[in-house]
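Below is input28.cif, which holds mmCIF, C-alpha atoms.
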data_input
#
loop_
_atom_site.label_atom_id
_atom_site.label_comp_id
_atom_site.auth_asym_id
_atom_site.auth_seq_id
_atom_site.Cartn_x
_atom_site.Cartn_y
_atom_site.Cartn_z
CA MET A 1 19.04 -1.59 19.33
CA THR A 2 17.13 0.48 21.86
CA LEU A 3 15.30 3.52 20.63
CA LYS A 4 14.69 6.44 22.98
CA LEU A 5 11.67 8.59 22.28
CA TYR A 6 11.56 12.12 23.67
CA TYR A 7 7.91 13.07 23.89
CA THR A 8 5.54 15.57 25.45
CA PHE A 9 2.15 14.43 26.65
CA GLY A 10 -0.68 15.64 24.40
CA THR A 11 1.52 16.15 21.34
CA CYS A 12 1.97 14.38 18.02
CA ALA A 13 4.78 12.34 19.61
CA LEU A 14 2.02 9.88 20.56
CA ALA A 15 1.92 8.71 16.93
CA SER A 16 5.54 7.56 17.07
CA HIS A 17 5.00 6.01 20.50
CA ILE A 18 2.07 3.90 19.27
CA THR A 19 4.06 2.92 16.17
CA LEU A 20 7.01 1.73 18.29
CA ILE A 21 4.62 -0.57 20.14
CA GLU A 22 2.97 -1.81 16.93
CA ALA A 23 6.42 -2.52 15.44
CA GLY A 24 7.48 -4.55 18.46
CA ALA A 25 10.44 -2.25 19.06
CA ASP A 26 12.50 -2.04 22.21
CA TYR A 27 12.13 1.56 23.36
CA GLU A 28 12.61 3.93 26.24
CA LEU A 29 10.56 7.03 26.91
CA GLN A 30 11.86 10.39 28.02
CA ARG A 31 9.28 12.99 28.94
CA ILE A 32 9.90 16.61 27.91
CA SER A 33 7.82 19.15 29.81
CA PHE A 34 6.88 22.23 27.82
CA LYS A 35 5.77 23.85 31.09
CA ASP A 36 9.26 23.42 32.56
CA GLU A 37 10.70 24.47 29.18
CA ASP A 38 12.73 21.25 28.93
CA HIS A 39 12.64 21.67 25.15
CA LYS A 40 14.63 24.92 25.41
CA LYS A 41 17.35 23.53 27.70
CA PRO A 42 20.86 23.16 26.27
CA GLU A 43 20.95 19.37 26.65
CA TYR A 44 17.76 18.99 24.62
CA LEU A 45 18.77 21.58 22.01
CA LYS A 46 21.90 19.50 21.41
CA LEU A 47 19.62 16.64 20.39
CA ASN A 48 17.08 18.77 18.57
CA PRO A 49 17.97 22.41 17.83
CA LYS A 50 14.40 22.95 16.61
CA ALA A 51 13.21 22.70 20.23
CA ARG A 52 10.26 20.51 19.30
CA VAL A 53 9.08 17.00 20.01
CA PRO A 54 9.31 14.17 19.12
CA SER A 55 12.98 13.26 18.90
CA LEU A 56 14.07 9.66 18.47
CA VAL A 57 17.58 8.75 19.56
CA THR A 58 18.96 5.78 17.66
CA ASP A 59 22.36 4.06 17.63
CA GLU A 60 23.15 6.04 14.49
CA GLY A 61 22.00 9.47 15.62
CA VAL A 62 18.92 11.55 16.34
CA LEU A 63 15.82 11.72 14.15
CA THR A 64 13.03 14.29 14.23
CA GLU A 65 9.79 15.06 12.35
CA THR A 66 6.89 12.64 12.76
CA PRO A 67 6.55 11.49 9.11
CA ALA A 68 10.28 10.62 9.07
CA LEU A 69 10.08 8.78 12.40
CA LEU A 70 7.04 6.75 11.38
CA ALA A 71 8.59 5.57 8.10
CA TYR A 72 11.89 4.84 9.89
CA ILE A 73 10.26 2.66 12.53
CA ALA A 74 8.32 0.81 9.82
CA GLN A 75 11.47 0.26 7.76
CA LYS A 76 13.57 -0.91 10.73
CA PHE A 77 10.92 -3.42 11.79
CA PRO A 78 9.80 -4.78 8.43
CA ALA A 79 7.86 -7.82 9.67
CA LYS A 80 4.65 -5.83 10.13
CA ASN A 81 4.97 -3.96 6.82
CA LEU A 82 3.60 -0.85 8.50
CA ALA A 83 4.45 1.56 5.64
CA LEU A 84 3.88 -0.73 2.61
CA ILE A 85 7.36 0.41 1.58
CA GLY A 86 7.95 -2.45 -0.84
CA ASP A 87 5.29 -1.01 -3.17
CA PRO A 88 6.37 2.49 -4.28
CA PHE A 89 2.85 3.70 -5.10
CA ALA A 90 1.31 2.35 -1.89
CA PHE A 91 4.17 3.82 0.15
CA ALA A 92 3.71 7.16 -1.63
CA LYS A 93 0.01 7.17 -0.66
CA VAL A 94 1.04 6.52 2.96
CA GLN A 95 3.54 9.37 2.78
CA GLU A 96 1.04 11.65 1.03
CA PHE A 97 -1.41 11.16 3.88
CA ASN A 98 1.18 11.74 6.59
CA SER A 99 2.52 14.78 4.79
CA PHE A 100 -1.00 16.24 4.67
CA LEU A 101 -1.35 15.65 8.41
CA CYS A 102 1.95 17.37 9.27
CA SER A 103 1.77 20.30 6.86
CA THR A 104 -1.98 21.02 6.83
CA ALA A 105 -4.04 19.36 9.59
CA HIS A 106 -1.47 19.81 12.37
CA ILE A 107 -0.48 23.31 11.18
CA ASN A 108 -4.08 24.51 11.16
CA HIS A 109 -4.48 23.17 14.70
CA ALA A 110 -1.25 24.88 15.82
CA HIS A 111 -2.80 28.29 15.14
CA ARG A 112 -4.92 27.84 18.26
CA MET A 113 -2.08 27.68 20.78
CA ARG A 114 1.07 28.60 18.89
CA GLY A 115 -0.05 31.66 16.94
CA TYR A 116 3.07 33.50 18.12
CA ARG A 117 4.99 31.55 15.50
CA TRP A 118 3.31 33.56 12.75
CA VAL A 119 2.44 36.94 14.29
CA ASP A 120 3.93 39.09 17.02
CA ALA A 121 3.08 37.46 20.36
CA ALA A 122 1.89 40.81 21.77
CA ASP A 123 -0.62 41.33 18.96
CA GLU A 124 -3.69 40.04 20.78
CA HIS A 125 -6.07 40.87 17.97
CA SER A 126 -4.21 38.67 15.48
CA ILE A 127 -3.62 35.87 17.97
CA LYS A 128 -7.37 35.77 18.65
CA ALA A 129 -8.20 36.04 14.95
CA MET A 130 -6.14 32.91 14.34
CA GLN A 131 -7.84 31.04 17.16
CA LYS A 132 -11.22 32.01 15.79
CA LYS A 133 -10.44 30.47 12.40
CA VAL A 134 -9.28 27.10 13.81
CA PRO A 135 -12.68 25.33 13.89
CA GLU A 136 -13.05 26.14 10.18
CA SER A 137 -9.48 25.41 9.03
CA VAL A 138 -9.10 22.18 11.01
CA GLY A 139 -12.67 21.26 10.07
CA GLU A 140 -11.86 21.65 6.37
CA ALA A 141 -8.72 19.51 6.64
CA PHE A 142 -10.69 16.77 8.39
CA ALA A 143 -13.55 17.06 5.90
CA LEU A 144 -11.03 16.14 3.18
CA ILE A 145 -9.90 13.19 5.29
CA GLU A 146 -13.51 12.12 5.95
CA LYS A 147 -14.54 12.34 2.31
CA HIS A 148 -11.43 11.49 0.29
CA MET A 149 -8.63 9.95 2.33
CA LEU A 150 -9.86 7.61 5.05
CA LYS A 151 -10.67 4.46 3.08
CA GLY A 152 -11.80 2.41 6.07
CA PRO A 153 -11.57 0.49 8.22
CA TYR A 154 -8.00 1.82 8.30
CA VAL A 155 -6.73 4.93 6.53
CA MET A 156 -5.25 2.85 3.72
CA GLY A 157 -8.13 0.37 3.62
CA ASP A 158 -7.77 -3.16 4.97
CA ARG A 159 -4.19 -2.73 6.14
CA PHE A 160 -3.12 -1.07 9.37
CA THR A 161 -0.28 1.36 8.55
CA ILE A 162 1.68 4.22 10.10
CA CYS A 163 -1.11 6.54 8.93
CA ASP A 164 -3.44 5.16 11.60
CA PRO A 165 -1.59 6.14 14.79
CA TYR A 166 -0.92 9.57 13.25
CA LEU A 167 -4.56 10.23 12.32
CA PHE A 168 -5.70 8.90 15.69
CA THR A 169 -3.33 11.31 17.46
CA LEU A 170 -4.48 14.39 15.57
CA SER A 171 -8.14 13.41 15.80
CA GLN A 172 -7.83 13.58 19.61
CA TRP A 173 -7.62 17.37 19.29
CA LEU A 174 -10.85 17.95 17.36
CA GLU A 175 -13.09 18.86 20.29
CA GLY A 176 -10.48 21.24 21.68
CA ASP A 177 -10.31 22.87 18.26
CA GLY A 178 -14.08 23.39 18.23
CA VAL A 179 -14.70 21.07 15.30
CA ASP A 180 -18.16 19.54 15.05
CA LEU A 181 -17.61 15.76 15.24
CA THR A 182 -21.11 14.99 14.03
CA LYS A 183 -19.98 16.16 10.58
CA LEU A 184 -17.14 13.63 10.66
CA PRO A 185 -18.87 10.33 11.41
CA ARG A 186 -16.22 8.16 9.73
CA VAL A 187 -13.36 9.91 11.55
CA ALA A 188 -15.28 9.62 14.82
CA GLU A 189 -15.85 5.90 14.29
CA PHE A 190 -12.19 5.40 13.35
CA ARG A 191 -11.07 7.23 16.48
CA ALA A 192 -13.37 5.26 18.78
CA ARG A 193 -12.16 1.99 17.28
CA MET A 194 -8.48 2.97 17.46
CA SER A 195 -8.85 4.06 21.09
CA GLU A 196 -9.63 0.43 22.00
CA ARG A 197 -6.52 -0.92 20.29
CA PRO A 198 -4.03 -2.37 22.78
CA SER A 199 -1.06 -0.37 21.41
CA VAL A 200 -3.00 2.87 21.74
CA ARG A 201 -4.20 2.09 25.26
CA ARG A 202 -0.69 1.13 26.32
CA ALA A 203 0.91 4.25 24.81
CA ILE A 204 -1.59 6.59 26.47
CA GLU A 205 -1.23 4.74 29.77
CA GLU A 206 2.57 5.01 29.65
CA GLU A 207 2.46 8.73 28.84
CA THR A 208 -0.17 9.43 31.48
CA LYS A 209 1.78 7.58 34.18
CA LYS A 210 4.94 9.50 33.34
CA ALA A 211 3.05 12.78 33.30
CA ALA A 212 1.64 12.11 36.75
CA ALA A 213 4.97 10.92 38.15
CA MET B 1 5.39 4.62 -17.72
CA THR B 2 4.79 8.31 -18.36
CA LEU B 3 4.31 10.55 -15.37
CA LYS B 4 2.29 13.73 -15.73
CA LEU B 5 3.13 16.57 -13.40
CA TYR B 6 0.55 19.27 -12.75
CA TYR B 7 2.45 22.37 -11.65
CA THR B 8 2.13 26.09 -11.18
CA PHE B 9 5.04 28.36 -12.01
CA GLY B 10 6.73 29.75 -8.92
CA THR B 11 5.51 27.03 -6.57
CA CYS B 12 7.11 24.07 -4.78
CA ALA B 13 6.13 21.89 -7.78
CA LEU B 14 9.52 22.88 -9.20
CA ALA B 15 11.18 20.48 -6.74
CA SER B 16 9.34 17.48 -8.23
CA HIS B 17 10.01 18.74 -11.76
CA ILE B 18 13.77 18.93 -11.16
CA THR B 19 13.69 15.50 -9.52
CA LEU B 20 11.92 13.95 -12.52
CA ILE B 21 14.76 15.24 -14.71
CA GLU B 22 17.45 14.04 -12.28
CA ALA B 23 15.83 10.60 -12.17
CA GLY B 24 15.77 10.30 -15.94
CA ALA B 25 11.99 9.87 -15.94
CA ASP B 26 9.69 10.19 -18.91
CA TYR B 27 7.29 12.98 -17.96
CA GLU B 28 4.73 15.42 -19.26
CA LEU B 29 3.95 18.81 -17.79
CA GLN B 30 0.55 20.34 -17.32
CA ARG B 31 0.42 23.95 -16.21
CA ILE B 32 -2.21 24.97 -13.66
CA SER B 33 -2.85 28.70 -13.50
CA PHE B 34 -3.81 30.01 -10.08
CA LYS B 35 -4.82 33.30 -11.75
CA ASP B 36 -7.34 31.47 -13.95
CA GLU B 37 -8.31 29.36 -10.92
CA ASP B 38 -7.55 26.13 -12.78
CA HIS B 39 -6.95 24.50 -9.40
CA LYS B 40 -10.57 25.07 -8.41
CA LYS B 41 -12.09 23.67 -11.61
CA PRO B 42 -14.02 20.38 -11.37
CA GLU B 43 -11.62 18.46 -13.63
CA TYR B 44 -8.67 19.36 -11.42
CA LEU B 45 -10.53 18.76 -8.16
CA LYS B 46 -11.23 15.24 -9.39
CA LEU B 47 -7.46 14.68 -9.49
CA ASN B 48 -6.69 16.62 -6.34
CA PRO B 49 -9.60 17.63 -4.07
CA LYS B 50 -7.17 19.70 -2.01
CA ALA B 51 -6.95 22.20 -4.90
CA ARG B 52 -3.19 22.50 -4.58
CA VAL B 53 -0.15 21.75 -6.70
CA PRO B 54 1.79 19.61 -7.45
CA SER B 55 -0.16 16.54 -8.51
CA LEU B 56 1.57 13.63 -10.21
CA VAL B 57 -0.56 11.34 -12.34
CA THR B 58 0.88 7.82 -12.57
CA ASP B 59 -0.38 4.60 -14.15
CA GLU B 60 -1.57 3.57 -10.70
CA GLY B 61 -3.29 6.77 -9.67
CA VAL B 62 -2.66 10.33 -8.54
CA LEU B 63 -0.10 11.39 -5.95
CA THR B 64 0.13 14.70 -4.10
CA GLU B 65 2.34 16.35 -1.43
CA THR B 66 5.92 17.17 -2.35
CA PRO B 67 7.74 14.93 0.17
CA ALA B 68 5.69 11.94 -1.05
CA LEU B 69 6.32 12.75 -4.72
CA LEU B 70 10.05 13.17 -4.23
CA ALA B 71 10.47 9.84 -2.43
CA TYR B 72 8.22 8.13 -5.00
CA ILE B 73 10.27 9.37 -7.96
CA ALA B 74 13.47 8.29 -6.20
CA GLN B 75 12.07 4.84 -5.46
CA LYS B 76 10.69 4.29 -8.98
CA PHE B 77 14.03 5.23 -10.55
CA PRO B 78 16.47 3.54 -8.19
CA ALA B 79 19.60 3.83 -10.33
CA LYS B 80 20.46 7.29 -9.00
CA ASN B 81 19.71 6.41 -5.36
CA LEU B 82 18.23 9.88 -4.90
CA ALA B 83 16.64 9.17 -1.50
CA LEU B 84 19.24 6.78 0.02
CA ILE B 85 16.23 4.55 0.69
CA GLY B 86 18.25 1.37 1.13
CA ASP B 87 19.68 2.76 4.38
CA PRO B 88 16.83 3.38 6.84
CA PHE B 89 18.69 5.98 8.91
CA ALA B 90 19.98 7.91 5.88
CA PHE B 91 16.52 7.82 4.30
CA ALA B 92 15.00 9.04 7.56
CA LYS B 93 17.41 12.01 7.57
CA VAL B 94 16.31 12.79 4.01
CA GLN B 95 12.69 12.59 5.06
CA GLU B 96 13.31 14.62 8.22
CA PHE B 97 14.75 17.43 6.12
CA ASN B 98 11.93 17.38 3.58
CA SER B 99 9.34 17.23 6.33
CA PHE B 100 10.88 20.32 7.93
CA LEU B 101 10.71 22.13 4.59
CA CYS B 102 7.04 21.29 4.02
CA SER B 103 5.72 21.78 7.54
CA THR B 104 7.90 24.67 8.76
CA ALA B 105 9.87 26.55 6.07
CA HIS B 106 7.13 26.47 3.42
CA ILE B 107 4.36 27.11 5.95
CA ASN B 108 6.11 30.16 7.37
CA HIS B 109 6.51 31.49 3.84
CA ALA B 110 2.84 30.84 3.04
CA HIS B 111 1.79 33.38 5.68
CA ARG B 112 2.89 36.14 3.31
CA MET B 113 0.44 35.42 0.50
CA ARG B 114 -2.00 32.87 1.86
CA GLY B 115 -2.80 34.28 5.28
CA TYR B 116 -6.52 33.80 4.54
CA ARG B 117 -6.01 30.13 5.33
CA TRP B 118 -5.54 30.96 9.01
CA VAL B 119 -7.54 34.15 9.62
CA ASP B 120 -10.63 35.70 8.10
CA ALA B 121 -9.66 37.07 4.68
CA ALA B 122 -11.38 40.41 5.45
CA ASP B 123 -9.33 40.95 8.62
CA GLU B 124 -6.68 43.24 7.12
CA HIS B 125 -4.93 43.84 10.41
CA SER B 126 -4.23 40.15 10.97
CA ILE B 127 -3.33 39.49 7.34
CA LYS B 128 -0.75 42.28 7.54
CA ALA B 129 0.48 41.12 10.94
CA MET B 130 1.24 37.72 9.43
CA GLN B 131 3.07 39.27 6.50
CA LYS B 132 5.13 41.36 8.88
CA LYS B 133 6.35 38.29 10.74
CA VAL B 134 7.47 36.38 7.62
CA PRO B 135 11.05 37.74 7.41
CA GLU B 136 11.60 36.56 10.98
CA SER B 137 9.81 33.19 10.79
CA VAL B 138 11.26 32.18 7.42
CA GLY B 139 14.62 33.60 8.53
CA GLU B 140 14.60 31.40 11.63
CA ALA B 141 13.74 28.27 9.64
CA PHE B 142 16.59 28.97 7.23
CA ALA B 143 18.98 29.79 10.08
CA LEU B 144 18.41 26.23 11.33
CA ILE B 145 19.10 24.93 7.82
CA GLU B 146 22.24 27.10 7.54
CA LYS B 147 23.62 26.07 10.91
CA HIS B 148 22.43 22.50 11.47
CA MET B 149 21.03 20.82 8.39
CA LEU B 150 22.88 21.75 5.20
CA LYS B 151 25.99 19.58 5.43
CA GLY B 152 27.50 20.74 2.15
CA PRO B 153 28.15 20.63 -0.67
CA TYR B 154 24.72 19.00 -0.84
CA VAL B 155 22.12 18.94 1.92
CA MET B 156 23.07 15.39 2.90
CA GLY B 157 26.81 15.91 2.34
CA ASP B 158 28.62 14.45 -0.64
CA ARG B 159 25.54 12.87 -2.18
CA PHE B 160 22.95 14.71 -4.25
CA THR B 161 19.49 13.71 -2.98
CA ILE B 162 15.85 14.73 -3.27
CA CYS B 163 16.53 17.27 -0.50
CA ASP B 164 18.52 19.44 -2.91
CA PRO B 165 15.86 20.34 -5.48
CA TYR B 166 13.43 20.98 -2.62
CA LEU B 167 15.76 23.30 -0.71
CA PHE B 168 16.72 25.06 -3.94
CA THR B 169 13.04 25.67 -4.72
CA LEU B 170 12.20 27.16 -1.33
CA SER B 171 15.41 29.19 -1.22
CA GLN B 172 14.24 31.01 -4.37
CA TRP B 173 11.64 32.78 -2.24
CA LEU B 174 13.94 34.27 0.38
CA GLU B 175 14.27 37.76 -1.11
CA GLY B 176 10.53 38.00 -1.64
CA ASP B 177 10.08 37.04 1.99
CA GLY B 178 12.40 39.83 3.11
CA VAL B 179 15.04 37.48 4.53
CA ASP B 180 18.58 38.85 4.73
CA LEU B 181 20.68 36.53 2.53
CA THR B 182 23.94 37.84 3.93
CA LYS B 183 23.11 35.97 7.14
CA LEU B 184 22.77 32.74 5.16
CA PRO B 185 26.05 32.47 3.24
CA ARG B 186 25.99 28.67 2.97
CA VAL B 187 22.40 28.63 1.73
CA ALA B 188 23.23 31.42 -0.75
CA GLU B 189 26.26 29.51 -2.06
CA PHE B 190 24.19 26.31 -2.34
CA ARG B 191 21.48 28.14 -4.26
CA ALA B 192 23.93 29.76 -6.67
CA ARG B 193 25.59 26.42 -7.35
CA MET B 194 22.28 24.58 -7.80
CA SER B 195 21.01 27.25 -10.20
CA GLU B 196 23.80 26.25 -12.62
CA ARG B 197 22.89 22.57 -12.55
CA PRO B 198 21.53 21.37 -15.93
CA SER B 199 18.39 19.79 -14.43
CA VAL B 200 17.52 23.02 -12.63
CA ARG B 201 18.13 25.18 -15.71
CA ARG B 202 16.05 22.85 -17.84
CA ALA B 203 13.14 22.70 -15.37
CA ILE B 204 12.99 26.47 -15.02
CA GLU B 205 13.24 26.91 -18.78
CA GLU B 206 10.40 24.45 -19.37
CA GLU B 207 8.17 26.13 -16.80
CA THR B 208 8.98 29.61 -18.09
CA LYS B 209 8.24 28.64 -21.68
CA LYS B 210 4.91 27.12 -20.73
CA ALA B 211 4.04 30.14 -18.63
CA ALA B 212 4.73 32.46 -21.57
CA ALA B 213 2.87 30.23 -24.06
#
Encoded form (structure tokens):
Amino acid sequence: MTLKLYYTFGTCALASHITLIEAGADYELQRISFKDEDHKKPEYLKLNPKARVPSLVTDEGVLTETPALLAYIAQKFPAKNLALIGDPFAFAKVQEFNSFLCSTAHINHAHRMRGYRWVDAADEHSIKAMQKKVPESVGEAFALIEKHMLKGPYVMGDRFTICDPYLFTLSQWLEGDGVDLTKLPRVAEFRARMSERPSVRRAIEEETKKAAA
Amino acid sequence: MTLKLYYTFGTCALASHITLIEAGADYELQRISFKDEDHKKPEYLKLNPKARVPSLVTDEGVLTETPALLAYIAQKFPAKNLALIGDPFAFAKVQEFNSFLCSTAHINHAHRMRGYRWVDAADEHSIKAMQKKVPESVGEAFALIEKHMLKGPYVMGDRFTICDPYLFTLSQWLEGDGVDLTKLPRVAEFRARMSERPSVRRAIEEETKKAAA
């Protein structure tokens, strides 16, 4: 089985990309350029009518939404036990964390560049008001992670799981969001450590090469 | 094992409540009043520092985030196969749907009453601008569900899954959000049918009784 990941550089698709490498999966990459509006072209909308990334094409059909992709990759490649899925409570904690990232941390971040989803695009005052709140709203989400969720050394403690590539990916955006990293020493240490991991280096290198090509 | 669900009437906690009944679980309910700010009291913050509902207290610890709770209940009570978890692709489709509900449909809705999460609470212009966009943003999320996701008769087709209580719960809010139901005939039919289901009637009755008590 070859899996094909449609991704855009600088997006949360990186989490699935890293996880494919960690799982030892055979995969292909297909870059989607937001600038060229690839995500709005008919051939992509056939795969993903939501016009978002990532999309993962499998032998059985297309999958979208990062938390779903991460658990799927973990379940298809069980040797690494990346989602702790055999233990319902442990798996639920993994899913709880990833759900918080997708529905709170990522959403708060999205108000910086995608405010038009929630107010009229021409309403400059409201678009700016949203951007102004981002350091606080993303900062609060990450303060919860720093204090209550990141057990250390990995998110779930001693075991590397699908939570780690996802947190790493979102933590890359903190400076851009104007969040003060000095208030998040454990997240900062986690991110620095993860950035040295071979799977992370390889994923970023592959996406950067494609972006430059 | 008794599971204790902390819920607030009128929130997405209803999805977990219905699922507990469908699973045949032993459960207790604990109402959290937003009006009385129960969710901000120290005893609740100890359970759930995010100050949100639902929270599910298990013998092993506390779980939060609806998609995580739904998959957990399904996995703990496997007889009904409520999440199709034995089939990685089918389970991923279930998770993809629930992830879309939590990170897109519910989030768009939340801009009507919880806009202060993403702009300064005193900025009336922006708060109103967000509210004004809700019929469109929630309408678009549900148009995707209507056209691409709801297979019928259940979300996943012939099988009732954890997607159904979750979609039912969010579809209860459409009129309040100003969405035109006549454009969503399949969602409207699904909702009407689900509202007659014994688990749904019982969950709503239990929450209503507690709310009145």
Excluding Gly178 of chain A and its own-chain neighbours fewer than 3 positions away, which residues fall within 8 Å of it when counting only C-alpha atoms? Please give them as a PDB file with C-alpha atoms, keeping the file's coordinate frame.
ATOM      1  CA  VAL A 134      -9.280  27.100  13.810  1.00  0.00           C
ATOM      2  CA  PRO A 135     -12.680  25.330  13.890  1.00  0.00           C
ATOM      3  CA  LEU A 174     -10.850  17.950  17.360  1.00  0.00           C
ATOM      4  CA  GLU A 175     -13.090  18.860  20.290  1.00  0.00           C
TER       5      GLU A 175
END
Compile the contact shell of Tyr7 of chain A as a list of chain:residue names: residues with an atom at most 8 Å away, counting all atoms listed in the file, same-chain residues fewer than 3 positions apart removed. A:Thr11, A:Ala13, A:Leu14, A:Leu29, A:Gln30, A:Arg31, A:Ile32, A:Val53, A:Pro54, A:Ser55
For a quick check of understanding, using all atoms listed in the file, which of A:Trp118, A:Tyr6, A:Phe142, A:Tyr44 has the smallest distance to Leu184 of chain A? A:Phe142
Mind dumping a table of every chain B residue within 8 Å of chain A, with the nearest atom pair and its distance in Å to one decimal, using only C-alpha atoms, sorted by chain and rising number, as JSON lines?
{"residue": "B:Pro49", "atom": "CA", "partner": "A:Leu144", "partner_atom": "CA", "distance": 7.5}
{"residue": "B:Lys50", "atom": "CA", "partner": "A:Leu144", "partner_atom": "CA", "distance": 7.4}
{"residue": "B:Glu60", "atom": "CA", "partner": "A:Phe89", "partner_atom": "CA", "distance": 7.1}
{"residue": "B:Leu63", "atom": "CA", "partner": "A:Lys93", "partner_atom": "CA", "distance": 6.8}
{"residue": "B:Thr64", "atom": "CA", "partner": "A:Glu96", "partner_atom": "CA", "distance": 6.0}
{"residue": "B:Glu65", "atom": "CA", "partner": "A:Glu96", "partner_atom": "CA", "distance": 5.5}
{"residue": "B:Pro67", "atom": "CA", "partner": "A:Ser99", "partner_atom": "CA", "distance": 7.0}
{"residue": "B:Ala68", "atom": "CA", "partner": "A:Gln95", "partner_atom": "CA", "distance": 5.1}
{"residue": "B:Leu69", "atom": "CA", "partner": "A:Ala92", "partner_atom": "CA", "distance": 6.9}
{"residue": "B:Ala71", "atom": "CA", "partner": "A:Ala92", "partner_atom": "CA", "distance": 7.3}
{"residue": "B:Tyr72", "atom": "CA", "partner": "A:Ala92", "partner_atom": "CA", "distance": 5.7}
{"residue": "B:Gln75", "atom": "CA", "partner": "A:Pro88", "partner_atom": "CA", "distance": 6.3}
{"residue": "B:Lys76", "atom": "CA", "partner": "A:Pro88", "partner_atom": "CA", "distance": 6.6}
{"residue": "B:Pro88", "atom": "CA", "partner": "A:Tyr72", "partner_atom": "CA", "distance": 6.0}
{"residue": "B:Phe89", "atom": "CA", "partner": "A:Tyr72", "partner_atom": "CA", "distance": 7.0}
{"residue": "B:Phe91", "atom": "CA", "partner": "A:Tyr72", "partner_atom": "CA", "distance": 7.8}
{"residue": "B:Ala92", "atom": "CA", "partner": "A:Ala68", "partner_atom": "CA", "distance": 5.2}
{"residue": "B:Lys93", "atom": "CA", "partner": "A:Leu63", "partner_atom": "CA", "distance": 6.8}
{"residue": "B:Gln95", "atom": "CA", "partner": "A:Ala68", "partner_atom": "CA", "distance": 5.1}
{"residue": "B:Glu96", "atom": "CA", "partner": "A:Ala68", "partner_atom": "CA", "distance": 5.1}
{"residue": "B:Ser99", "atom": "CA", "partner": "A:Glu65", "partner_atom": "CA", "distance": 6.4}
{"residue": "B:Phe100", "atom": "CA", "partner": "A:Glu65", "partner_atom": "CA", "distance": 7.0}
{"residue": "B:Cys102", "atom": "CA", "partner": "A:Ser103", "partner_atom": "CA", "distance": 6.1}
{"residue": "B:Ser103", "atom": "CA", "partner": "A:Ser103", "partner_atom": "CA", "distance": 4.3}
{"residue": "B:Thr104", "atom": "CA", "partner": "A:Ser103", "partner_atom": "CA", "distance": 7.8}
{"residue": "B:Ile107", "atom": "CA", "partner": "A:Ser103", "partner_atom": "CA", "distance": 7.3}
{"residue": "B:Asn108", "atom": "CA", "partner": "A:Trp118", "partner_atom": "CA", "distance": 7.0}
{"residue": "B:His111", "atom": "CA", "partner": "A:Trp118", "partner_atom": "CA", "distance": 7.2}
{"residue": "B:Arg117", "atom": "CA", "partner": "A:Ser137", "partner_atom": "CA", "distance": 6.9}
{"residue": "B:Trp118", "atom": "CA", "partner": "A:Met130", "partner_atom": "CA", "distance": 5.7}
{"residue": "B:Val119", "atom": "CA", "partner": "A:Met130", "partner_atom": "CA", "distance": 5.1}
{"residue": "B:Asp120", "atom": "CA", "partner": "A:Lys133", "partner_atom": "CA", "distance": 6.8}
{"residue": "B:His125", "atom": "CA", "partner": "A:Ser126", "partner_atom": "CA", "distance": 7.3}
{"residue": "B:Ser126", "atom": "CA", "partner": "A:Ser126", "partner_atom": "CA", "distance": 4.7}
{"residue": "B:Ala129", "atom": "CA", "partner": "A:Val119", "partner_atom": "CA", "distance": 5.7}
{"residue": "B:Met130", "atom": "CA", "partner": "A:Val119", "partner_atom": "CA", "distance": 5.1}
{"residue": "B:Lys132", "atom": "CA", "partner": "A:Val119", "partner_atom": "CA", "distance": 7.5}
{"residue": "B:Lys133", "atom": "CA", "partner": "A:Val119", "partner_atom": "CA", "distance": 5.5}
{"residue": "B:Val134", "atom": "CA", "partner": "A:Trp118", "partner_atom": "CA", "distance": 7.2}
{"residue": "B:Ser137", "atom": "CA", "partner": "A:Trp118", "partner_atom": "CA", "distance": 6.8}
{"residue": "B:Leu144", "atom": "CA", "partner": "A:Lys50", "partner_atom": "CA", "distance": 7.4}
{"residue": "B:His148", "atom": "CA", "partner": "A:Pro49", "partner_atom": "CA", "distance": 7.8}
Interatomic distance between atom CA of Tyr154 of chain B and atom CA of Thr2 of chain B? 28.6 Å
